[in-house]
$ cat data_36.txt   # compact mmCIF, C-alpha atoms and all ligand atoms
# COMPACT_ATOMS: atom_id res chain seq x y z
CA MET A 1 -32.51 15.68 68.52
CA ARG A 2 -32.36 19.25 69.67
CA LEU A 3 -34.97 21.75 68.61
CA PRO A 4 -34.23 25.37 67.82
CA ARG A 5 -33.20 27.74 70.58
CA PRO A 6 -35.71 30.23 71.97
CA HIS A 7 -34.50 32.92 69.62
CA LEU A 8 -36.48 35.79 71.06
CA ALA A 9 -35.26 35.30 74.59
CA ARG A 10 -31.58 34.79 73.86
CA PRO A 11 -30.42 38.27 72.81
CA ALA A 12 -32.08 39.80 75.86
CA ARG A 13 -30.20 37.46 78.16
CA ALA A 14 -26.93 38.07 76.40
CA ALA A 15 -27.41 41.79 76.80
CA ALA A 16 -28.15 41.39 80.49
CA LEU A 17 -24.61 40.17 81.01
CA GLY A 18 -23.14 42.93 78.98
CA VAL A 19 -23.77 46.61 79.14
CA GLY A 20 -27.13 45.90 80.74
CA ALA A 21 -25.55 44.34 83.80
CA VAL A 22 -25.79 47.59 85.73
CA ALA A 23 -29.46 47.90 84.87
CA LEU A 24 -29.89 44.34 86.02
CA VAL A 25 -28.73 45.24 89.50
CA ALA A 26 -30.53 48.57 89.59
CA GLY A 27 -33.78 47.36 88.08
CA GLY A 28 -34.01 44.06 89.85
CA LEU A 29 -33.95 40.57 88.49
CA THR A 30 -37.55 40.37 87.40
CA ALA A 31 -37.45 43.51 85.32
CA ALA A 32 -34.18 42.78 83.63
CA LEU A 33 -34.73 39.10 83.04
CA PRO A 34 -38.40 38.77 82.13
CA ALA A 35 -38.01 35.23 80.91
CA VAL A 36 -37.42 32.58 83.53
CA PRO A 37 -34.19 30.70 82.83
CA GLY A 38 -35.04 27.18 81.93
CA ALA A 39 -38.69 27.87 81.28
CA ALA A 40 -38.34 28.36 77.57
CA PRO A 41 -36.67 25.24 76.17
CA PRO A 42 -38.81 23.51 73.61
CA ALA A 43 -39.95 19.97 74.17
CA GLY A 44 -37.21 17.60 73.19
CA ALA A 45 -34.37 19.79 74.39
CA ALA A 46 -34.13 17.80 77.59
CA THR A 47 -30.43 17.02 77.38
CA PRO A 48 -28.25 20.04 78.01
CA LEU A 49 -25.34 20.82 75.73
CA ARG A 50 -22.23 19.78 77.64
CA VAL A 51 -19.45 22.33 77.40
CA LEU A 52 -15.97 21.80 78.85
CA PHE A 53 -13.57 24.73 79.35
CA ASP A 54 -9.92 23.69 79.51
CA ASN A 55 -7.72 24.99 82.34
CA ALA A 56 -5.02 22.35 82.23
CA HIS A 57 -2.69 24.24 79.92
CA ALA A 58 -1.61 27.30 81.92
CA GLN A 59 -4.69 29.31 80.99
CA THR A 60 -4.08 31.58 83.99
CA ALA A 61 -0.37 32.23 83.34
CA GLY A 62 0.73 35.85 83.69
CA ASN A 63 -2.15 38.26 83.18
CA ALA A 64 -4.30 35.57 81.62
CA ASP A 65 -7.26 34.38 83.66
CA TRP A 66 -9.09 32.34 81.05
CA ILE A 67 -11.37 30.40 83.36
CA ILE A 68 -15.15 30.53 83.82
CA SER A 69 -14.90 30.00 87.58
CA THR A 70 -12.34 29.31 90.28
CA SER A 71 -14.50 26.36 91.29
CA GLN A 72 -13.33 23.44 89.18
CA PRO A 73 -14.34 21.14 87.70
CA SER A 74 -17.85 22.32 88.63
CA PRO A 75 -18.44 26.07 88.43
CA TYR A 76 -21.85 25.51 90.03
CA ASN A 77 -20.14 24.97 93.37
CA GLN A 78 -19.20 28.67 93.35
CA LYS A 79 -22.79 29.69 92.63
CA SER A 80 -25.38 27.20 91.49
CA ALA A 81 -27.54 29.59 89.47
CA PRO A 82 -25.38 32.54 88.40
CA THR A 83 -27.07 35.55 86.85
CA VAL A 84 -24.27 38.10 86.48
CA GLU A 85 -20.74 37.40 85.30
CA THR A 86 -19.21 38.26 88.67
CA ASP A 87 -21.15 35.39 90.26
CA TRP A 88 -18.36 33.20 88.90
CA THR A 89 -14.73 34.30 89.15
CA GLY A 90 -12.61 34.31 86.02
CA ALA A 91 -11.95 36.50 83.03
CA ILE A 92 -14.17 34.42 80.77
CA SER A 93 -16.94 34.00 83.34
CA ALA A 94 -19.23 36.13 81.15
CA TRP A 95 -19.10 33.37 78.54
CA GLY A 96 -19.85 30.74 81.18
CA VAL A 97 -22.62 32.62 82.96
CA SER A 98 -24.31 33.59 79.70
CA LEU A 99 -24.75 29.89 78.99
CA ALA A 100 -25.41 28.86 82.58
CA GLN A 101 -28.46 31.11 82.74
CA TYR A 102 -30.14 28.40 80.68
CA PRO A 103 -29.59 25.43 82.99
CA THR A 104 -31.75 23.02 81.04
CA GLU A 105 -29.91 23.87 77.84
CA TYR A 106 -26.25 24.08 78.85
CA ARG A 107 -24.20 22.24 81.45
CA LEU A 108 -20.66 23.52 82.00
CA ALA A 109 -17.49 22.19 83.54
CA THR A 110 -13.79 22.96 83.64
CA ASN A 111 -10.96 20.57 82.91
CA PRO A 112 -8.90 21.49 85.98
CA SER A 113 -5.21 22.19 86.17
CA GLY A 114 -3.16 19.01 86.35
CA ARG A 115 -5.70 16.89 84.48
CA SER A 116 -4.86 15.62 81.01
CA LEU A 117 -7.38 15.84 78.20
CA THR A 118 -8.51 12.31 77.38
CA TYR A 119 -10.94 10.65 75.02
CA GLY A 120 -12.42 7.33 76.03
CA SER A 121 -10.97 7.14 79.54
CA THR A 122 -13.57 5.82 81.95
CA SER A 123 -11.57 7.01 84.98
CA ASN A 124 -11.69 10.69 83.98
CA ALA A 125 -15.00 12.41 84.75
CA GLN A 126 -14.00 15.21 82.38
CA ASP A 127 -13.21 12.82 79.55
CA LEU A 128 -13.99 14.46 76.22
CA ALA A 129 -16.41 11.70 75.29
CA ASN A 130 -18.66 13.16 78.00
CA TYR A 131 -18.85 16.57 76.29
CA ASP A 132 -20.26 18.14 73.15
CA VAL A 133 -18.04 21.23 73.02
CA LEU A 134 -14.47 21.83 74.20
CA VAL A 135 -13.31 25.42 74.66
CA ILE A 136 -9.54 25.91 74.80
CA ASP A 137 -8.74 29.57 75.34
CA GLU A 138 -5.06 30.35 74.83
CA PRO A 139 -3.21 27.24 75.92
CA ASN A 140 0.26 28.09 77.23
CA THR A 141 1.72 24.64 77.77
CA ALA A 142 1.88 22.17 74.92
CA PHE A 143 -0.58 19.34 74.59
CA THR A 144 1.02 15.95 75.04
CA ALA A 145 0.94 13.56 72.08
CA ALA A 146 -1.87 11.66 73.82
CA GLU A 147 -3.85 14.88 74.30
CA ARG A 148 -3.44 15.88 70.66
CA LYS A 149 -4.79 12.52 69.63
CA ALA A 150 -7.64 12.82 72.14
CA ILE A 151 -8.67 16.27 70.89
CA MET A 152 -8.65 15.22 67.26
CA THR A 153 -10.52 11.99 67.98
CA PHE A 154 -13.11 14.00 69.90
CA VAL A 155 -13.66 16.27 66.89
CA GLN A 156 -13.56 13.42 64.42
CA ASN A 157 -16.34 11.72 66.37
CA GLY A 158 -18.61 14.78 66.33
CA GLY A 159 -17.24 17.06 69.03
CA GLY A 160 -16.91 20.81 68.65
CA LEU A 161 -13.60 22.55 69.36
CA TYR A 162 -13.44 26.28 70.09
CA LEU A 163 -9.74 27.08 69.95
CA ILE A 164 -8.57 30.58 70.74
CA VAL A 165 -4.97 31.67 70.35
CA ASP A 166 -3.10 34.87 71.13
CA HIS A 167 -0.35 36.76 69.32
CA ASP A 168 3.06 35.40 68.37
CA GLN A 169 5.58 35.51 71.24
CA SER A 170 2.88 35.38 73.89
CA ASP A 171 4.62 32.78 76.02
CA ARG A 172 3.22 33.95 79.34
CA ASN A 173 4.84 31.25 81.46
CA ASN A 174 8.22 31.28 79.69
CA ASP A 175 8.31 27.57 78.93
CA GLY A 176 9.33 28.13 75.31
CA VAL A 177 5.94 27.69 73.62
CA ASP A 178 2.98 29.98 73.09
CA SER A 179 -0.55 29.32 71.88
CA VAL A 180 0.48 29.82 68.24
CA ASP A 181 3.08 27.07 68.51
CA ILE A 182 0.70 24.84 70.45
CA ALA A 183 -2.15 25.17 67.93
CA ASN A 184 0.10 24.51 64.96
CA GLN A 185 1.55 21.45 66.67
CA LEU A 186 -2.00 20.16 67.19
CA PHE A 187 -2.73 20.69 63.51
CA SER A 188 0.45 19.00 62.25
CA SER A 189 1.29 16.28 64.77
CA ASN A 190 -1.70 14.57 66.32
CA GLY A 191 -1.55 10.97 65.18
CA VAL A 192 -5.02 11.13 63.64
CA ASP A 193 -4.43 13.37 60.63
CA ASP A 194 -1.12 15.22 60.46
CA THR A 195 -1.73 16.86 57.07
CA ASN A 196 -3.58 20.04 57.99
CA PRO A 197 -6.85 18.37 59.05
CA PHE A 198 -8.84 21.59 59.45
CA GLY A 199 -7.20 23.41 56.55
CA LEU A 200 -6.07 26.05 59.05
CA THR A 201 -2.61 27.22 60.12
CA VAL A 202 -1.94 29.96 62.65
CA ALA A 203 0.27 32.79 61.42
CA TYR A 204 3.16 34.12 63.50
CA GLN A 205 1.90 37.67 63.84
CA ASN A 206 1.51 40.27 66.54
CA ILE A 207 -1.17 42.75 65.56
CA SER A 208 -1.18 45.28 68.37
CA SER A 209 -4.53 47.09 68.05
CA GLU A 210 -7.08 47.06 65.25
CA ASN A 211 -10.82 46.68 64.82
CA THR A 212 -12.42 44.80 61.99
CA ALA A 213 -15.81 44.51 60.34
CA ASN A 214 -14.45 42.60 57.35
CA LEU A 215 -16.88 39.67 57.11
CA GLY A 216 -15.90 36.84 54.83
CA SER A 217 -17.66 36.69 51.50
CA GLY A 218 -20.84 34.71 52.00
CA ALA A 219 -20.42 34.60 55.77
CA SER A 220 -23.40 36.79 56.63
CA THR A 221 -25.78 33.85 56.73
CA HIS A 222 -23.48 31.46 58.62
CA PRO A 223 -25.04 30.30 61.93
CA VAL A 224 -22.08 31.66 63.88
CA VAL A 225 -22.72 35.10 62.38
CA LYS A 226 -26.50 35.02 62.49
CA GLY A 227 -27.36 33.11 65.61
CA ALA A 228 -29.65 32.94 68.61
CA TRP A 229 -27.38 35.28 70.57
CA GLY A 230 -27.49 38.05 68.00
CA THR A 231 -25.58 38.95 64.88
CA ALA A 232 -21.80 38.73 65.00
CA SER A 233 -20.26 41.24 62.66
CA THR A 234 -17.22 42.96 64.17
CA SER A 235 -14.34 42.22 66.51
CA ILE A 236 -11.28 43.68 68.15
CA LEU A 237 -7.64 42.67 67.75
CA ARG A 238 -5.52 43.52 70.80
CA GLY A 239 -2.26 41.66 70.51
CA ALA A 240 -3.63 39.22 67.98
CA THR A 241 -2.80 36.95 65.11
CA THR A 242 -4.61 35.51 62.11
CA SER A 243 -4.78 32.20 60.33
CA THR A 244 -4.15 30.94 56.82
CA LEU A 245 -6.73 28.79 55.07
CA SER A 246 -6.07 25.87 52.77
CA THR A 247 -9.23 24.69 51.07
CA ALA A 248 -7.04 22.20 49.24
CA ALA A 249 -6.33 20.55 52.60
CA ASN A 250 -9.94 20.89 53.78
CA PRO A 251 -12.64 22.33 51.52
CA ASN A 252 -14.74 23.23 54.57
CA ALA A 253 -12.18 25.73 55.89
CA LYS A 254 -13.91 29.10 55.76
CA CYS A 255 -13.15 32.55 57.05
CA LEU A 256 -16.03 34.30 58.80
CA LEU A 257 -14.14 37.44 59.78
CA TYR A 258 -10.97 38.76 58.22
CA ARG A 259 -8.57 41.34 59.50
CA ALA A 260 -9.47 44.79 58.16
CA GLY A 261 -8.02 45.71 54.82
CA VAL A 262 -7.42 42.26 53.38
CA SER A 263 -9.42 40.49 50.68
CA ASN A 264 -12.50 38.83 52.15
CA THR A 265 -12.14 35.94 49.75
CA GLY A 266 -8.46 35.31 50.39
CA SER A 267 -6.56 32.60 52.19
CA THR A 268 -4.62 34.86 54.55
CA GLY A 269 -5.45 37.33 57.29
CA CYS A 270 -8.37 35.37 58.71
CA PHE A 271 -9.25 36.37 62.27
CA ILE A 272 -12.15 33.98 62.93
CA ALA A 273 -12.19 30.76 60.93
CA VAL A 274 -14.43 27.71 60.93
CA SER A 275 -13.89 24.23 59.59
CA THR A 276 -14.80 20.60 60.09
CA PHE A 277 -13.03 17.31 60.65
CA GLY A 278 -14.78 13.96 60.48
CA SER A 279 -18.19 14.52 62.07
CA GLY A 280 -17.05 17.48 64.16
CA ARG A 281 -16.58 21.19 63.86
CA VAL A 282 -13.92 23.72 64.84
CA ILE A 283 -13.64 27.46 65.32
CA LEU A 284 -10.24 29.17 65.43
CA TRP A 285 -10.06 32.73 66.76
CA GLY A 286 -6.81 34.68 66.62
CA ASP A 287 -7.00 36.56 69.92
CA SER A 288 -7.91 35.90 73.54
CA SER A 289 -8.61 39.58 74.23
CA PRO A 290 -12.16 39.73 72.74
CA VAL A 291 -13.55 37.20 75.23
CA ASP A 292 -11.77 38.74 78.24
CA ASP A 293 -14.65 40.10 80.34
CA GLY A 294 -12.44 42.43 82.36
CA THR A 295 -13.03 40.86 85.79
CA GLY A 296 -11.34 37.89 87.35
CA GLN A 297 -8.94 36.78 90.00
CA SER A 298 -6.94 39.54 91.67
CA GLY A 299 -3.45 40.16 90.40
CA ASN A 300 -4.33 40.07 86.70
CA THR A 301 -4.47 43.11 84.43
CA LEU A 302 -7.67 42.53 82.48
CA TYR A 303 -9.58 44.47 79.84
CA ASP A 304 -13.25 44.12 79.00
CA GLY A 305 -13.28 42.88 75.44
CA TRP A 306 -16.55 40.99 75.91
CA ASN A 307 -18.49 44.26 76.08
CA ASP A 308 -16.17 46.37 73.92
CA PRO A 309 -18.48 48.37 71.62
CA ALA A 310 -15.99 47.91 68.78
CA GLY A 311 -16.79 44.21 68.65
CA THR A 312 -19.74 41.85 68.80
CA ASN A 313 -17.50 39.52 70.74
CA ALA A 314 -20.11 37.85 72.94
CA ALA A 315 -22.08 36.87 69.85
CA TRP A 316 -19.02 35.24 68.25
CA ALA A 317 -18.40 33.23 71.40
CA LEU A 318 -22.00 32.24 72.14
CA ASN A 319 -23.28 31.63 68.62
CA GLY A 320 -20.06 29.70 68.09
CA THR A 321 -20.75 27.51 71.09
CA ASP A 322 -24.19 26.71 69.70
CA TRP A 323 -22.83 25.91 66.23
CA LEU A 324 -20.09 23.68 67.62
CA GLY A 325 -22.68 21.84 69.67
CA ARG A 326 -24.95 21.48 66.64
CA LEU A 327 -27.67 23.67 68.06
CA SER A 328 -27.47 25.71 64.86
CA CA B 401 -3.10 35.01 85.74
CA CA B 402 4.02 28.88 77.37
CA CA B 403 -4.48 39.52 72.83
CA CA B 404 -15.29 37.71 84.87
$ encode --input "data_36.txt" --output "structure tokens" --more "lines below"
Ligand SMILES: [Ca+2]
Ligand SMILES: [Ca+2]
Ligand SMILES: [Ca+2]
Ligand SMILES: [Ca+2]
Amino acid sequence: MRLPRPHLARPARAAALGVGAVALVAGGLTAALPAVPGAAPPAGAATPLRVLFDNAHAQTAGNADWIISTSQPSPYNQKSAPTVETDWTGAISAWGVSLAQYPTEYRLATNPSGRSLTYGSTSNAQDLANYDVLVIDEPNTAFTAAERKAIMTFVQNGGGLYLIVDHDQSDRNNDGVDSVDIANQLFSSNGVDDTNPFGLTVAYQNISSENTANLGSGASTHPVVKGAWGTASTSILRGATTSTLSTAANPNAKCLLYRAGVSNTGSTGCFIAVSTFGSGRVILWGDSSPVDDGTGQSGNTLYDGWNDPAGTNAAWALNGTDWLGRLS
């Protein structure tokens, strides 16, 4: 059983990877990071949360670079104890390094390109049964039928799925499917529950540029909103879509953050949704841009959404990771 996170230390660390990163370099490690990573975990938190980031579905196609590190499966082979997001190479390395600063609390890996997602395969070191949380940021090739079943079985058995999609017609590798198609296929054809298991469907929208602070009714106390990494309240939409909720299909489907200007009790226009399936949890976010940290492999045009002052995007990602892993 995991005890509560060290709440006081967490926001300071999260900030160190954000706008405070410059101060970190200028002021020196000791000044900027007063708490020693790994020193704070309470007794009983001996087993780190195991988080797997998927890179087997064209997550680096086109300008995407949705990896935590170029070293895969183990990011620690690039740098064993990263402290700033550029210690690991990838446009979501800020997400990875934020967690990796707490080595006794989080252990990260990447499902590398060419490796299928499995559940219950003893020959796959990155088998989902070995992880607590699976992050899939904008898949651009479809999951196979076996992978869809594996993902849903993982969630059904208590796993947490953080699924991020991008806007309609965002087929970066021109294979005929984009993340909207791929998510909806997962939700409707998985061999475990094909009748809207999460109560969530991705809309076919392309919202070019908006900001939102439209929290769902009653969402202000949700652990993803009010978490150890700070309060999540706003986000950015930069080529984005939303989802539609069906509480008839799943009464636990809930919208935490709506697009601006829509009803915050409605079933449409949801930008960040949460739900459950079996013993597990899911978060669905309608845009890959907010977690783009702006730095990654050369050749990609990237924008820093992670630190964009119009959104509390790091908090959504990091509090969400904790909630999916049942730390909150
Ligand atoms: Ca790329
Ligand atoms: Ca594609
Ligand atoms: Ca986008
Ligand atoms: Ca980066």
$ closest_residue --input "data_36.txt" --among "A:Asn307, A:Gly62, A:Ile272, A:Val180" --to "A:Thr295" --atoms "all atoms listed in the file"
A:Asn307
$ residues_around --input "data_36.txt" --residues "stretch 155-169 of chain A" --least-positions-apart "5" --cutoff "7 Å" --atoms "all atoms listed in the file" --output "mmCIF file with C-alpha atoms, keeping the file's coordinate frame"
data_model
loop_
_atom_site.group_PDB
_atom_site.id
_atom_site.type_symbol
_atom_site.label_atom_id
_atom_site.label_comp_id
_atom_site.auth_asym_id
_atom_site.auth_seq_id
_atom_site.Cartn_x
_atom_site.Cartn_y
_atom_site.Cartn_z
ATOM 1 C CA ASP A 132 -20.260 18.140 73.150
ATOM 2 C CA VAL A 133 -18.040 21.230 73.020
ATOM 3 C CA LEU A 134 -14.470 21.830 74.200
ATOM 4 C CA VAL A 135 -13.310 25.420 74.660
ATOM 5 C CA ILE A 136 -9.540 25.910 74.800
ATOM 6 C CA ASP A 137 -8.740 29.570 75.340
ATOM 7 C CA GLU A 138 -5.060 30.350 74.830
ATOM 8 C CA ASP A 178 2.980 29.980 73.090
ATOM 9 C CA SER A 179 -0.550 29.320 71.880
ATOM 10 C CA VAL A 180 0.480 29.820 68.240
ATOM 11 C CA TYR A 204 3.160 34.120 63.500
ATOM 12 C CA GLN A 205 1.900 37.670 63.840
ATOM 13 C CA ASN A 206 1.510 40.270 66.540
ATOM 14 C CA GLY A 239 -2.260 41.660 70.510
ATOM 15 C CA ALA A 240 -3.630 39.220 67.980
ATOM 16 C CA THR A 241 -2.800 36.950 65.110
ATOM 17 C CA PHE A 277 -13.030 17.310 60.650
ATOM 18 C CA GLY A 278 -14.780 13.960 60.480
ATOM 19 C CA SER A 279 -18.190 14.520 62.070
ATOM 20 C CA GLY A 280 -17.050 17.480 64.160
ATOM 21 C CA ARG A 281 -16.580 21.190 63.860
ATOM 22 C CA VAL A 282 -13.920 23.720 64.840
ATOM 23 C CA ILE A 283 -13.640 27.460 65.320
ATOM 24 C CA LEU A 284 -10.240 29.170 65.430
ATOM 25 C CA TRP A 285 -10.060 32.730 66.760
ATOM 26 C CA GLY A 286 -6.810 34.680 66.620
ATOM 27 C CA ASP A 287 -7.000 36.560 69.920
ATOM 28 C CA SER A 288 -7.910 35.900 73.540
ATOM 29 C CA LEU A 324 -20.090 23.680 67.620
ATOM 30 C CA GLY A 325 -22.680 21.840 69.670
#
$ atom_distance --input "data_36.txt" --atom1 "atom CA of A:Gly266" --atom2 "atom CA of A:Thr201"
13.9 Å
$ residues_near_ligand --input "data_36.txt" --ligand "ligand CA 401 (chain B)" --cutoff "7 Å" --atoms "all atoms listed in the file" --output "NGL selection string"
:A and (60-65 or 299-300)
$ closest_residue --input "data_36.txt" --among "A:Ile151, A:Ala315, A:Ala273, A:Ile68" --to "A:Val97" --atoms "only C-alpha atoms"
A:Ile68
$ residues_around --input "data_36.txt" --residues "A:Asn124" --least-positions-apart "6" --cutoff "12 Å" --atoms "all atoms listed in the file" --output "number ranges by chain"
A: 73, 111-112, 115-118, 130
$ closest_residue --input "data_36.txt" --among "A:Ser275, A:Val51, A:Leu237, A:Leu256" --to "A:Ser220" --atoms "only C-alpha atoms"
A:Leu256
$ atom_distance --input "data_36.txt" --atom1 "atom CA of A:Gln59" --atom2 "atom CA of A:Trp88"
16.3 Å
$ residues_around --input "data_36.txt" --residues "A:Val202" --least-positions-apart "3" --cutoff "7 Å" --atoms "only C-alpha atoms" --output "PyMOL selection string"
chain A and resi 180+184+242-244
$ closest_atom_pairs --input "data_36.txt" --of "chain A" --to "ligand CA 404 (chain B)" --cutoff "7 Å" --atoms "all atoms listed in the file" --output "Markdown table"
| residue | atom | partner | partner_atom | distance |
| --- | --- | --- | --- | --- |
| A:Glu85 | CA | B:CA404 | CA | 5.5 |
| A:Thr86 | CA | B:CA404 | CA | 5.5 |
| A:Trp88 | CA | B:CA404 | CA | 6.8 |
| A:Thr89 | CA | B:CA404 | CA | 5.5 |
| A:Gly90 | CA | B:CA404 | CA | 4.5 |
| A:Ala91 | CA | B:CA404 | CA | 4.0 |
| A:Ile92 | CA | B:CA404 | CA | 5.4 |
| A:Ser93 | CA | B:CA404 | CA | 4.3 |
| A:Ala94 | CA | B:CA404 | CA | 5.6 |
| A:Asp293 | CA | B:CA404 | CA | 5.2 |
| A:Gly294 | CA | B:CA404 | CA | 6.1 |
| A:Thr295 | CA | B:CA404 | CA | 4.0 |
| A:Gly296 | CA | B:CA404 | CA | 4.7 |
$ build_atoms --input "data_36.txt" --residues "stretch 240-258 of chain A" --atoms "N, CA and C atoms" --output "short mmCIF file (atom, residue, chain, number, x, y, z; two decimals), keeping the file's coordinate frame"
data_model
loop_
_atom_site.label_atom_id
_atom_site.label_comp_id
_atom_site.auth_asym_id
_atom_site.auth_seq_id
_atom_site.Cartn_x
_atom_site.Cartn_y
_atom_site.Cartn_z
N ALA A 240 -2.87 40.29 68.63
CA ALA A 240 -3.63 39.22 67.98
C ALA A 240 -2.84 38.63 66.82
N THR A 241 -3.35 37.52 66.32
CA THR A 241 -2.80 36.95 65.11
C THR A 241 -3.95 36.52 64.20
N THR A 242 -3.61 35.97 63.06
CA THR A 242 -4.61 35.51 62.11
C THR A 242 -4.25 34.09 61.68
N SER A 243 -5.08 33.53 60.85
CA SER A 243 -4.78 32.20 60.33
C SER A 243 -4.82 32.20 58.81
N THR A 244 -4.22 31.15 58.26
CA THR A 244 -4.15 30.94 56.82
C THR A 244 -4.99 29.72 56.47
N LEU A 245 -5.83 29.87 55.46
CA LEU A 245 -6.73 28.79 55.07
C LEU A 245 -6.17 28.01 53.89
N SER A 246 -6.37 26.71 53.93
CA SER A 246 -6.07 25.87 52.77
C SER A 246 -7.30 25.03 52.46
N THR A 247 -8.05 25.48 51.45
CA THR A 247 -9.23 24.69 51.07
C THR A 247 -8.81 23.44 50.29
N ALA A 248 -7.55 23.43 49.85
CA ALA A 248 -7.04 22.20 49.24
C ALA A 248 -6.91 21.11 50.31
N ALA A 249 -6.46 21.52 51.50
CA ALA A 249 -6.33 20.55 52.60
C ALA A 249 -7.68 20.17 53.18
N ASN A 250 -8.59 21.15 53.26
CA ASN A 250 -9.94 20.89 53.78
C ASN A 250 -10.90 21.89 53.14
N PRO A 251 -11.75 21.41 52.24
CA PRO A 251 -12.64 22.33 51.52
C PRO A 251 -13.64 23.04 52.42
N ASN A 252 -13.80 22.58 53.65
CA ASN A 252 -14.74 23.23 54.57
C ASN A 252 -14.11 24.36 55.38
N ALA A 253 -12.82 24.58 55.21
CA ALA A 253 -12.18 25.73 55.89
C ALA A 253 -12.77 27.01 55.30
N LYS A 254 -13.21 27.88 56.21
CA LYS A 254 -13.91 29.10 55.76
C LYS A 254 -13.58 30.23 56.71
N CYS A 255 -13.41 31.41 56.18
CA CYS A 255 -13.15 32.55 57.05
C CYS A 255 -14.43 33.34 57.25
N LEU A 256 -14.83 33.51 58.50
CA LEU A 256 -16.03 34.30 58.80
C LEU A 256 -15.70 35.77 58.98
N LEU A 257 -14.52 36.04 59.55
CA LEU A 257 -14.14 37.44 59.78
C LEU A 257 -12.65 37.61 59.52
N TYR A 258 -12.35 38.46 58.56
CA TYR A 258 -10.97 38.76 58.22
C TYR A 258 -10.49 39.99 58.98
#
